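So this one's input_2.pdb, PDB, C-alpha atoms, pLDDT in the B column:
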ATOM      1  CA  ALA A   4     -42.126 -18.915 109.317  1.00 64.00           C
ATOM      2  CA  GLN A   5     -39.985 -17.034 111.809  1.00 67.00           C
ATOM      3  CA  ARG A   6     -40.716 -14.908 114.844  1.00 67.00           C
ATOM      4  CA  VAL A   7     -38.222 -12.549 116.471  1.00 67.00           C
ATOM      5  CA  GLU A   8     -38.456 -11.490 120.109  1.00 69.00           C
ATOM      6  CA  VAL A   9     -36.126  -8.845 121.549  1.00 71.00           C
ATOM      7  CA  ILE A  10     -34.953  -9.733 125.048  1.00 72.00           C
ATOM      8  CA  GLU A  11     -33.851  -6.721 127.107  1.00 71.00           C
ATOM      9  CA  MET A  12     -31.662  -8.453 129.712  1.00 66.00           C
ATOM     10  CA  PRO A  13     -29.283  -9.765 128.588  1.00 70.00           C
ATOM     11  CA  ALA A  14     -29.461  -7.885 125.296  1.00 69.00           C
ATOM     12  CA  ALA A  15     -30.325 -10.567 122.747  1.00 71.00           C
ATOM     13  CA  ASN A  16     -32.809 -11.669 120.141  1.00 71.00           C
ATOM     14  CA  LEU A  17     -34.749 -14.896 120.363  1.00 71.00           C
ATOM     15  CA  ILE A  18     -35.513 -16.213 116.889  1.00 73.00           C
ATOM     16  CA  GLU A  19     -38.074 -18.960 116.534  1.00 73.00           C
ATOM     17  CA  VAL A  20     -38.229 -20.765 113.177  1.00 71.00           C
ATOM     18  CA  GLU A  21     -41.100 -23.120 112.433  1.00 70.00           C
ATOM     19  CA  THR A  22     -40.348 -25.516 109.596  1.00 68.00           C
ATOM     20  CA  GLY A  23     -43.035 -26.169 107.018  1.00 68.00           C
ATOM     21  CA  ARG A  24     -44.760 -22.857 107.728  1.00 70.00           C
ATOM     22  CA  SER A  25     -44.896 -19.882 105.389  1.00 78.00           C
ATOM     23  CA  SER A  26     -45.594 -16.175 105.807  1.00 83.00           C
ATOM     24  CA  PRO A  27     -48.798 -14.446 104.681  1.00 84.00           C
ATOM     25  CA  VAL A  28     -48.447 -11.863 101.915  1.00 90.00           C
ATOM     26  CA  GLY A  29     -50.246  -9.297 104.070  1.00 87.00           C
ATOM     27  CA  PRO A  30     -52.839  -6.634 103.232  1.00 89.00           C
ATOM     28  CA  ALA A  31     -50.314  -4.202 101.686  1.00 89.00           C
ATOM     29  CA  PHE A  32     -49.131  -6.774  99.113  1.00 91.00           C
ATOM     30  CA  ASP A  33     -48.748  -5.198  95.665  1.00 93.00           C
ATOM     31  CA  ARG A  34     -48.947  -8.039  93.139  1.00 94.00           C
ATOM     32  CA  ALA A  35     -47.979  -5.842  90.165  1.00 95.00           C
ATOM     33  CA  ARG A  36     -44.840  -4.589  91.951  1.00 94.00           C
ATOM     34  CA  HIS A  37     -43.692  -8.168  92.563  1.00 96.00           C
ATOM     35  CA  LEU A  38     -44.263  -9.123  88.911  1.00 97.00           C
ATOM     36  CA  GLU A  39     -42.601  -6.194  87.141  1.00 95.00           C
ATOM     37  CA  ALA A  40     -39.113  -6.316  85.691  1.00 97.00           C
ATOM     38  CA  THR A  41     -36.472  -4.200  87.433  1.00 95.00           C
ATOM     39  CA  SER A  42     -32.903  -3.308  86.514  1.00 93.00           C
ATOM     40  CA  VAL A  43     -31.705  -6.307  88.564  1.00 93.00           C
ATOM     41  CA  LEU A  44     -34.641  -8.677  88.050  1.00 96.00           C
ATOM     42  CA  ASP A  45     -34.775  -8.078  84.299  1.00 96.00           C
ATOM     43  CA  ALA A  46     -37.466 -10.690  83.674  1.00 97.00           C
ATOM     44  CA  THR A  47     -38.280  -9.404  80.181  1.00 97.00           C
ATOM     45  CA  ASP A  48     -34.729  -9.954  78.870  1.00 98.00           C
ATOM     46  CA  PRO A  49     -34.947 -12.413  75.937  1.00 98.00           C
ATOM     47  CA  GLU A  50     -32.444 -14.862  77.480  1.00 98.00           C
ATOM     48  CA  VAL A  51     -34.216 -14.826  80.854  1.00 98.00           C
ATOM     49  CA  ALA A  52     -37.566 -15.382  79.101  1.00 98.00           C
ATOM     50  CA  ALA A  53     -36.104 -18.234  77.018  1.00 98.00           C
ATOM     51  CA  PHE A  54     -34.630 -19.843  80.158  1.00 98.00           C
ATOM     52  CA  THR A  55     -38.029 -19.593  81.861  1.00 98.00           C
ATOM     53  CA  ASN A  56     -39.886 -21.033  78.874  1.00 98.00           C
ATOM     54  CA  ARG A  57     -37.517 -24.035  78.755  1.00 98.00           C
ATOM     55  CA  HIS A  58     -38.012 -24.889  82.433  1.00 98.00           C
ATOM     56  CA  ASP A  59     -41.499 -23.691  83.430  1.00 97.00           C
ATOM     57  CA  ARG A  60     -44.337 -26.190  83.625  1.00 91.00           C
ATOM     58  CA  PRO A  61     -47.488 -24.199  82.771  1.00 93.00           C
ATOM     59  CA  GLY A  62     -50.684 -26.004  83.662  1.00 94.00           C
ATOM     60  CA  ARG A  63     -49.072 -27.674  86.691  1.00 96.00           C
ATOM     61  CA  PRO A  64     -49.713 -26.557  90.285  1.00 96.00           C
ATOM     62  CA  THR A  65     -47.764 -23.399  91.140  1.00 96.00           C
ATOM     63  CA  LEU A  66     -45.681 -25.178  93.788  1.00 93.00           C
ATOM     64  CA  GLU A  67     -44.442 -27.677  91.166  1.00 95.00           C
ATOM     65  CA  ARG A  68     -43.634 -24.805  88.802  1.00 97.00           C
ATOM     66  CA  VAL A  69     -41.583 -22.836  91.350  1.00 96.00           C
ATOM     67  CA  ARG A  70     -39.697 -25.946  92.453  1.00 94.00           C
ATOM     68  CA  ALA A  71     -38.907 -26.807  88.823  1.00 96.00           C
ATOM     69  CA  LEU A  72     -37.568 -23.297  88.223  1.00 97.00           C
ATOM     70  CA  ARG A  73     -35.536 -23.428  91.469  1.00 96.00           C
ATOM     71  CA  SER A  74     -33.922 -26.691  90.386  1.00 95.00           C
ATOM     72  CA  ALA A  75     -33.281 -25.331  86.875  1.00 97.00           C
ATOM     73  CA  VAL A  76     -31.469 -22.267  88.281  1.00 97.00           C
ATOM     74  CA  HIS A  77     -29.367 -24.510  90.525  1.00 96.00           C
ATOM     75  CA  ARG A  78     -28.321 -26.663  87.553  1.00 96.00           C
ATOM     76  CA  HIS A  79     -27.871 -23.712  85.174  1.00 97.00           C
ATOM     77  CA  ILE A  80     -25.322 -21.860  87.331  1.00 96.00           C
ATOM     78  CA  ASP A  81     -22.428 -24.248  86.880  1.00 94.00           C
ATOM     79  CA  ARG A  82     -19.635 -21.969  88.181  1.00 89.00           C
ATOM     80  CA  LYS A  83     -20.633 -21.497  91.815  1.00 86.00           C
ATOM     81  CA  ASP A  84     -18.151 -18.992  93.176  1.00 85.00           C
ATOM     82  CA  LEU A  85     -17.718 -15.483  94.558  1.00 82.00           C
ATOM     83  CA  GLY A  86     -16.306 -14.092  91.291  1.00 80.00           C
ATOM     84  CA  THR A  87     -19.342 -11.912  90.522  1.00 80.00           C
ATOM     85  CA  ALA A  88     -19.992  -8.812  92.637  1.00 78.00           C
ATOM     86  CA  PHE A  89     -23.766  -8.692  92.074  1.00 83.00           C
ATOM     87  CA  GLY A  90     -25.014  -9.824  88.684  1.00 90.00           C
ATOM     88  CA  THR A  91     -28.392  -9.081  87.169  1.00 94.00           C
ATOM     89  CA  ALA A  92     -30.605 -11.960  86.046  1.00 96.00           C
ATOM     90  CA  SER A  93     -29.665 -11.410  82.392  1.00 97.00           C
ATOM     91  CA  GLU A  94     -25.932 -11.347  83.214  1.00 96.00           C
ATOM     92  CA  THR A  95     -26.307 -14.504  85.287  1.00 97.00           C
ATOM     93  CA  VAL A  96     -28.290 -16.469  82.717  1.00 98.00           C
ATOM     94  CA  ARG A  97     -25.561 -15.704  80.154  1.00 97.00           C
ATOM     95  CA  SER A  98     -22.464 -16.203  82.350  1.00 96.00           C
ATOM     96  CA  ARG A  99     -23.851 -19.220  84.269  1.00 96.00           C
ATOM     97  CA  ARG A 100     -21.759 -18.020  87.202  1.00 95.00           C
ATOM     98  CA  GLY A 101     -22.436 -16.712  90.688  1.00 95.00           C
ATOM     99  CA  ASP A 102     -22.992 -17.138  94.370  1.00 94.00           C
ATOM    100  CA  CYS A 103     -26.208 -16.957  96.373  1.00 93.00           C
ATOM    101  CA  THR A 104     -27.136 -13.491  95.084  1.00 93.00           C
ATOM    102  CA  GLU A 105     -27.014 -14.557  91.437  1.00 96.00           C
ATOM    103  CA  HIS A 106     -29.004 -17.717  92.206  1.00 96.00           C
ATOM    104  CA  ALA A 107     -31.648 -15.634  94.010  1.00 96.00           C
ATOM    105  CA  VAL A 108     -31.808 -12.916  91.345  1.00 96.00           C
ATOM    106  CA  LEU A 109     -32.116 -15.347  88.418  1.00 98.00           C
ATOM    107  CA  LEU A 110     -34.808 -17.364  90.189  1.00 98.00           C
ATOM    108  CA  ALA A 111     -36.809 -14.252  91.136  1.00 98.00           C
ATOM    109  CA  ALA A 112     -36.646 -12.974  87.540  1.00 98.00           C
ATOM    110  CA  ALA A 113     -37.609 -16.379  86.102  1.00 98.00           C
ATOM    111  CA  LEU A 114     -40.599 -16.544  88.456  1.00 98.00           C
ATOM    112  CA  ARG A 115     -41.713 -13.083  87.335  1.00 98.00           C
ATOM    113  CA  SER A 116     -41.230 -14.080  83.705  1.00 98.00           C
ATOM    114  CA  ALA A 117     -43.557 -17.035  84.420  1.00 98.00           C
ATOM    115  CA  GLY A 118     -46.157 -14.713  85.989  1.00 98.00           C
ATOM    116  CA  ILE A 119     -45.423 -15.736  89.594  1.00 98.00           C
ATOM    117  CA  PRO A 120     -44.811 -12.837  92.029  1.00 98.00           C
ATOM    118  CA  SER A 121     -41.419 -12.954  93.741  1.00 97.00           C
ATOM    119  CA  ARG A 122     -39.041 -11.054  95.992  1.00 96.00           C
ATOM    120  CA  LEU A 123     -35.539 -11.380  97.407  1.00 95.00           C
ATOM    121  CA  ALA A 124     -34.848 -12.295 101.032  1.00 93.00           C
ATOM    122  CA  SER A 125     -31.507 -11.422 102.640  1.00 90.00           C
ATOM    123  CA  GLY A 126     -30.214 -12.571 105.960  1.00 89.00           C
ATOM    124  CA  LEU A 127     -28.170 -15.297 107.567  1.00 88.00           C
ATOM    125  CA  VAL A 128     -27.862 -19.018 106.921  1.00 87.00           C
ATOM    126  CA  TRP A 129     -26.367 -21.648 109.228  1.00 84.00           C
ATOM    127  CA  ILE A 130     -23.462 -23.488 107.608  1.00 83.00           C
ATOM    128  CA  PRO A 131     -22.266 -26.537 109.564  1.00 81.00           C
ATOM    129  CA  ARG A 132     -18.548 -27.272 109.641  1.00 82.00           C
ATOM    130  CA  LYS A 133     -17.660 -30.429 107.701  1.00 81.00           C
ATOM    131  CA  GLY A 134     -17.147 -33.349 110.035  1.00 76.00           C
ATOM    132  CA  GLY A 135     -18.078 -31.331 113.116  1.00 71.00           C
ATOM    133  CA  SER A 136     -21.124 -30.392 115.103  1.00 76.00           C
ATOM    134  CA  ASP A 137     -20.366 -26.661 115.082  1.00 84.00           C
ATOM    135  CA  GLY A 138     -20.611 -24.108 112.290  1.00 86.00           C
ATOM    136  CA  ALA A 139     -21.370 -20.449 111.661  1.00 86.00           C
ATOM    137  CA  PHE A 140     -24.000 -18.079 110.342  1.00 84.00           C
ATOM    138  CA  LEU A 141     -23.015 -16.431 107.046  1.00 85.00           C
ATOM    139  CA  TRP A 142     -24.708 -13.718 104.971  1.00 88.00           C
ATOM    140  CA  HIS A 143     -27.052 -15.153 102.360  1.00 91.00           C
ATOM    141  CA  MET A 144     -29.737 -14.279  99.816  1.00 93.00           C
ATOM    142  CA  TRP A 145     -32.608 -16.438  98.607  1.00 94.00           C
ATOM    143  CA  THR A 146     -35.942 -16.040  96.810  1.00 96.00           C
ATOM    144  CA  GLN A 147     -39.554 -16.036  97.935  1.00 95.00           C
ATOM    145  CA  ALA A 148     -42.512 -16.716  95.632  1.00 97.00           C
ATOM    146  CA  VAL A 149     -46.202 -16.126  96.195  1.00 97.00           C
ATOM    147  CA  ILE A 150     -48.315 -19.261  96.135  1.00 95.00           C
ATOM    148  CA  GLY A 151     -51.924 -18.557  96.974  1.00 92.00           C
ATOM    149  CA  ASP A 152     -51.709 -15.933  99.702  1.00 92.00           C
ATOM    150  CA  ARG A 153     -48.381 -17.057 101.213  1.00 93.00           C
ATOM    151  CA  TRP A 154     -44.678 -16.323 100.647  1.00 94.00           C
ATOM    152  CA  ILE A 155     -42.797 -19.585 100.025  1.00 92.00           C
ATOM    153  CA  ASP A 156     -39.010 -19.691 100.614  1.00 92.00           C
ATOM    154  CA  LEU A 157     -36.834 -21.089  97.819  1.00 93.00           C
ATOM    155  CA  ASP A 158     -33.044 -21.378  97.936  1.00 94.00           C
ATOM    156  CA  ALA A 159     -31.645 -22.125  94.473  1.00 96.00           C
ATOM    157  CA  THR A 160     -28.155 -22.742  95.912  1.00 94.00           C
ATOM    158  CA  LEU A 161     -29.473 -26.011  97.358  1.00 90.00           C
ATOM    159  CA  GLY A 162     -29.358 -29.020  95.061  1.00 82.00           C
ATOM    160  CA  GLY A 163     -31.709 -31.959  94.831  1.00 77.00           C
ATOM    161  CA  THR A 164     -35.215 -31.783  96.230  1.00 76.00           C
ATOM    162  CA  LEU A 165     -34.290 -29.639  99.255  1.00 75.00           C
ATOM    163  CA  ALA A 166     -35.829 -26.258  98.430  1.00 77.00           C
ATOM    164  CA  PHE A 167     -35.165 -24.636 101.810  1.00 77.00           C
ATOM    165  CA  HIS A 168     -34.106 -25.453 105.384  1.00 78.00           C
ATOM    166  CA  PRO A 169     -34.770 -23.823 108.772  1.00 76.00           C
ATOM    167  CA  GLY A 170     -31.200 -22.504 109.145  1.00 82.00           C
ATOM    168  CA  HIS A 171     -32.207 -19.374 107.165  1.00 83.00           C
ATOM    169  CA  ILE A 172     -32.934 -16.196 109.151  1.00 84.00           C
ATOM    170  CA  ALA A 173     -34.452 -13.373 107.112  1.00 87.00           C
ATOM    171  CA  VAL A 174     -33.301  -9.840 107.913  1.00 85.00           C
ATOM    172  CA  SER A 175     -34.757  -7.897 104.973  1.00 87.00           C
ATOM    173  CA  PHE A 176     -36.870  -8.301 101.844  1.00 89.00           C
ATOM    174  CA  SER A 177     -36.621  -6.542  98.496  1.00 90.00           C
ATOM    175  CA  ASP A 178     -38.841  -6.265  95.441  1.00 90.00           C
ATOM    176  CA  GLY A 179     -35.656  -6.118  93.356  1.00 88.00           C
ATOM    177  CA  GLY A 180     -35.664  -2.388  92.688  1.00 83.00           C
ATOM    178  CA  ALA A 181     -32.282  -0.679  93.134  1.00 72.00           C
ATOM    179  CA  GLY A 182     -33.466   1.566  96.003  1.00 72.00           C
ATOM    180  CA  ASP A 183     -35.192  -1.319  97.732  1.00 69.00           C
ATOM    181  CA  LEU A 184     -32.027  -3.447  97.552  1.00 66.00           C
ATOM    182  CA  GLU A 185     -30.021  -0.601  99.099  1.00 66.00           C
ATOM    183  CA  THR A 186     -32.502  -0.267 101.968  1.00 65.00           C
ATOM    184  CA  GLY A 187     -32.301  -4.019 102.595  1.00 61.00           C
ATOM    185  CA  GLY A 188     -28.500  -3.865 102.587  1.00 63.00           C
ATOM    186  CA  ARG A 189     -28.574  -1.167 105.267  1.00 63.00           C
ATOM    187  CA  ALA A 190     -30.892  -3.335 107.380  1.00 65.00           C
ATOM    188  CA  MET A 191     -28.375  -6.161 107.168  1.00 64.00           C
ATOM    189  CA  LEU A 192     -25.552  -3.842 108.239  1.00 64.00           C
ATOM    190  CA  ASP A 193     -27.575  -2.934 111.331  1.00 66.00           C
ATOM    191  CA  VAL A 194     -27.531  -6.597 112.333  1.00 65.00           C
TER     192      VAL A 194
END

As structure tokens, what does this structure read like?
Amino acid sequence: AQRVEVIEMPAANLIEVETGRSSPVGPAFDRARHLEATSVLDATDPEVAAFTNRHDRPGRPTLERVRALRSAVHRHIDRKDLGTAFGTASETVRSRRGDCTEHAVLLAAALRSAGIPSRLASGLVWIPRKGGSDGAFLWHMWTQAVIGDRWIDLDATLGGTLAFHPGHIAVSFSDGGAGDLETGGRAMLDV
């Protein structure tokens, strides 16, 4: 749903975001890799599995299922703060605390526990200033799920029915493995 064009003079990047569009999974997509539990996305943890079972809607269309899990993660994390450095899904489901990374990690693990491939997206999100027309881009993490042959963006930090908005700019993606997260972090530092 985004296209990046490097402009040589002046040195800049043009980023085009098309709302309502999703990204194809691509020919190199490894379904098994995006379903397996990792040390961070510990989808087989009993508490993560129990959370998923309480909120999943098997038999419903996949889009309904992922939106239900996104909303459940948003409601479940009731202490939304920066007090956690980077919690795993099992730590987050137990502590009910975290910022965008814990929301993204718990949602990705819950999706995997439900049999829906997922990954983590890291990048920037536009945050408008209250009462003003200006704002700033801040670092952010959210989740993507595979529905059909497309990656669908899901931000569990957003409440209500808003699952995502076009102010997100992806910089890197991770399957949730420790090495993959480190590579994505380096990509963000380059930006």

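Atom CA of Leu123 of chain A is positioned 5.6 Å from atom CA of Phe176 of chain A.
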
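Take atom CA of Asp158 of chain A and atom CA of Val76 of chain A: the distance between them is 9.8 Å.
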
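Picture a line from atom CA of His37 of chain A to atom CA of Ile172 of chain A; it runs 21.3 Å.
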
For a cutoff of 8 Å around the file-coordinate point (-35.8, -16.3, 89.2), which residues qualify once you count only C-alpha atoms? I'd like the result as a PyMOL selection string.
chain A and resi 44+72-73+76+92+106-115+121+146

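Counting all atoms listed in the file and comparing A:Gly163, A:Gly170, A:Gly151, A:Gly62, the residue that lies closest to Gly138 of chain A is A:Gly170.
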
I'd like the residues picked by the PyMOL selection byres ((chain A and resi 157) around 7) written out as number ranges by chain, using the chain letters and numbers from the file.
A: 73, 145-147, 155-156, 158-159, 166-167

Residue by residue, what does the PyMOL selection byres ((chain A and resi 125) around 9) grab here? Present the result as a list of chain:residue names.
A:Thr104, A:Leu123, A:Ala124, A:Gly126, A:Leu127, A:Trp142, A:His143, A:Met144, A:Trp145, A:Thr146, A:Ile172, A:Ala173, A:Val174, A:Ser175, A:Phe176, A:Ser177, A:Gly187, A:Gly188, A:Met191

Let me see the file: selected residues, C-alpha atoms, as a PDB file, in the coordinates of the input.
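Everything below was put into part-v9.pdb:
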ATOM      1  CA  THR A 104     -27.136 -13.491  95.084  1.00 93.00           C
ATOM      2  CA  LEU A 123     -35.539 -11.380  97.407  1.00 95.00           C
ATOM      3  CA  ALA A 124     -34.848 -12.295 101.032  1.00 93.00           C
ATOM      4  CA  GLY A 126     -30.214 -12.571 105.960  1.00 89.00           C
ATOM      5  CA  LEU A 127     -28.170 -15.297 107.567  1.00 88.00           C
ATOM      6  CA  TRP A 142     -24.708 -13.718 104.971  1.00 88.00           C
ATOM      7  CA  HIS A 143     -27.052 -15.153 102.360  1.00 91.00           C
ATOM      8  CA  MET A 144     -29.737 -14.279  99.816  1.00 93.00           C
ATOM      9  CA  TRP A 145     -32.608 -16.438  98.607  1.00 94.00           C
ATOM     10  CA  THR A 146     -35.942 -16.040  96.810  1.00 96.00           C
ATOM     11  CA  ILE A 172     -32.934 -16.196 109.151  1.00 84.00           C
ATOM     12  CA  ALA A 173     -34.452 -13.373 107.112  1.00 87.00           C
ATOM     13  CA  VAL A 174     -33.301  -9.840 107.913  1.00 85.00           C
ATOM     14  CA  SER A 175     -34.757  -7.897 104.973  1.00 87.00           C
ATOM     15  CA  PHE A 176     -36.870  -8.301 101.844  1.00 89.00           C
ATOM     16  CA  SER A 177     -36.621  -6.542  98.496  1.00 90.00           C
ATOM     17  CA  GLY A 187     -32.301  -4.019 102.595  1.00 61.00           C
ATOM     18  CA  GLY A 188     -28.500  -3.865 102.587  1.00 63.00           C
ATOM     19  CA  MET A 191     -28.375  -6.161 107.168  1.00 64.00           C
TER      20      MET A 191
END

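Distances here use only C-alpha atoms; by that measure, the residue among A:Arg63, A:Arg36, A:Arg100, A:Arg24 closest to Thr160 of chain A is A:Arg100.
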
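Counting all atoms listed in the file and comparing A:Glu67, A:Pro13, A:Val96, A:Gly101, the residue that lies closest to Arg82 of chain A is A:Gly101.
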
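Using all atoms listed in the file for every distance, the candidate list A:Gly90, A:Pro61, A:Gly134, A:Gly179 yields A:Gly179 as the residue closest to Arg122 of chain A.
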
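Across A:Leu38, A:Gly118, A:Ser93, A:Val69, the tightest approach to Val51 of chain A is made by A:Ser93 when counting all atoms listed in the file.
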
Give as a PyMOL selection string the residues that the PyMOL selection byres ((chain A and resi 169) around 7) matches when applied to the coordinates above.
chain A and resi 20+22+168+170-171

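Nearest to Pro30 of chain A of all the residues A:Ala181, A:Gly162, A:Thr87, A:Arg153 is A:Arg153, based on only C-alpha atoms.
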
Protein and nucleic acid residues near (-20.2, -18.7, 95.0) (cut-off 6 Å, all atoms listed in the file) as a PyMOL selection string
chain A and resi 83-85+101-102

Please put the answer as JSON: centre and edge lengths, in Å with one decimal, of a box along x, y and z that encloses all listed atoms of segment 116-132 of chain A plus 6 Å on each side.
{"center_x": -32.4, "center_y": -19.2, "center_z": 96.7, "size_x": 39.6, "size_y": 28.2, "size_z": 37.9}

Take segment 114-143 of chain A, bring it up to N, CA and C atoms, and give me the output as a short mmCIF file (atom, residue, chain, number, x, y, z; two decimals), in the coordinates of the input.
data_model
loop_
_atom_site.label_atom_id
_atom_site.label_comp_id
_atom_site.auth_asym_id
_atom_site.auth_seq_id
_atom_site.Cartn_x
_atom_site.Cartn_y
_atom_site.Cartn_z
N LEU A 114 -39.24 -16.46 87.91
CA LEU A 114 -40.60 -16.54 88.46
C LEU A 114 -41.47 -15.43 87.91
N ARG A 115 -40.95 -14.21 87.88
CA ARG A 115 -41.71 -13.08 87.34
C ARG A 115 -42.01 -13.28 85.86
N SER A 116 -41.03 -13.80 85.12
CA SER A 116 -41.23 -14.08 83.70
C SER A 116 -42.35 -15.11 83.50
N ALA A 117 -42.51 -16.02 84.47
CA ALA A 117 -43.56 -17.04 84.42
C ALA A 117 -44.88 -16.53 84.99
N GLY A 118 -44.92 -15.27 85.44
CA GLY A 118 -46.16 -14.71 85.99
C GLY A 118 -46.39 -15.04 87.45
N ILE A 119 -45.32 -15.40 88.17
CA ILE A 119 -45.42 -15.74 89.59
C ILE A 119 -44.72 -14.63 90.39
N PRO A 120 -45.44 -13.91 91.25
CA PRO A 120 -44.81 -12.84 92.03
C PRO A 120 -43.66 -13.35 92.88
N SER A 121 -42.59 -12.54 92.98
CA SER A 121 -41.42 -12.95 93.74
C SER A 121 -40.76 -11.76 94.40
N ARG A 122 -39.88 -12.06 95.35
CA ARG A 122 -39.04 -11.05 95.99
C ARG A 122 -37.77 -11.72 96.47
N LEU A 123 -36.82 -10.90 96.89
CA LEU A 123 -35.54 -11.38 97.41
C LEU A 123 -35.55 -11.28 98.93
N ALA A 124 -35.01 -12.30 99.58
CA ALA A 124 -34.85 -12.30 101.03
C ALA A 124 -33.35 -12.31 101.32
N SER A 125 -32.91 -11.47 102.24
CA SER A 125 -31.51 -11.42 102.64
C SER A 125 -31.43 -11.65 104.13
N GLY A 126 -30.38 -12.32 104.53
CA GLY A 126 -30.21 -12.57 105.96
C GLY A 126 -29.04 -13.47 106.22
N LEU A 127 -29.23 -14.39 107.13
CA LEU A 127 -28.17 -15.30 107.57
C LEU A 127 -28.59 -16.74 107.30
N VAL A 128 -27.60 -17.59 107.06
CA VAL A 128 -27.86 -19.02 106.92
C VAL A 128 -26.82 -19.77 107.74
N TRP A 129 -27.26 -20.82 108.42
CA TRP A 129 -26.37 -21.65 109.23
C TRP A 129 -25.63 -22.61 108.31
N ILE A 130 -24.31 -22.59 108.38
CA ILE A 130 -23.46 -23.49 107.61
C ILE A 130 -22.69 -24.36 108.59
N PRO A 131 -23.00 -25.67 108.65
CA PRO A 131 -22.27 -26.54 109.56
C PRO A 131 -20.85 -26.78 109.06
N ARG A 132 -19.94 -26.95 109.98
CA ARG A 132 -18.55 -27.27 109.64
C ARG A 132 -18.49 -28.75 109.24
N LYS A 133 -17.78 -29.04 108.16
CA LYS A 133 -17.66 -30.43 107.70
C LYS A 133 -17.03 -31.29 108.78
N GLY A 134 -17.68 -32.40 109.07
CA GLY A 134 -17.15 -33.35 110.04
C GLY A 134 -17.32 -32.94 111.48
N GLY A 135 -17.92 -31.79 111.73
CA GLY A 135 -18.08 -31.33 113.12
C GLY A 135 -19.52 -31.01 113.43
N SER A 136 -19.77 -30.73 114.68
CA SER A 136 -21.12 -30.39 115.10
C SER A 136 -21.32 -28.88 115.20
N ASP A 137 -20.25 -28.11 115.01
CA ASP A 137 -20.37 -26.66 115.08
C ASP A 137 -20.42 -26.08 113.67
N GLY A 138 -20.54 -24.78 113.58
CA GLY A 138 -20.61 -24.11 112.29
C GLY A 138 -20.69 -22.61 112.53
N ALA A 139 -21.26 -21.90 111.55
CA ALA A 139 -21.37 -20.45 111.66
C ALA A 139 -22.53 -19.95 110.81
N PHE A 140 -23.03 -18.77 111.18
CA PHE A 140 -24.00 -18.08 110.34
C PHE A 140 -23.24 -17.20 109.36
N LEU A 141 -23.62 -17.25 108.09
CA LEU A 141 -23.02 -16.43 107.05
C LEU A 141 -24.11 -15.65 106.34
N TRP A 142 -23.74 -14.51 105.73
CA TRP A 142 -24.71 -13.72 104.97
C TRP A 142 -25.19 -14.52 103.78
N HIS A 143 -26.46 -14.34 103.42
CA HIS A 143 -27.05 -15.15 102.36
C HIS A 143 -28.22 -14.42 101.73
#
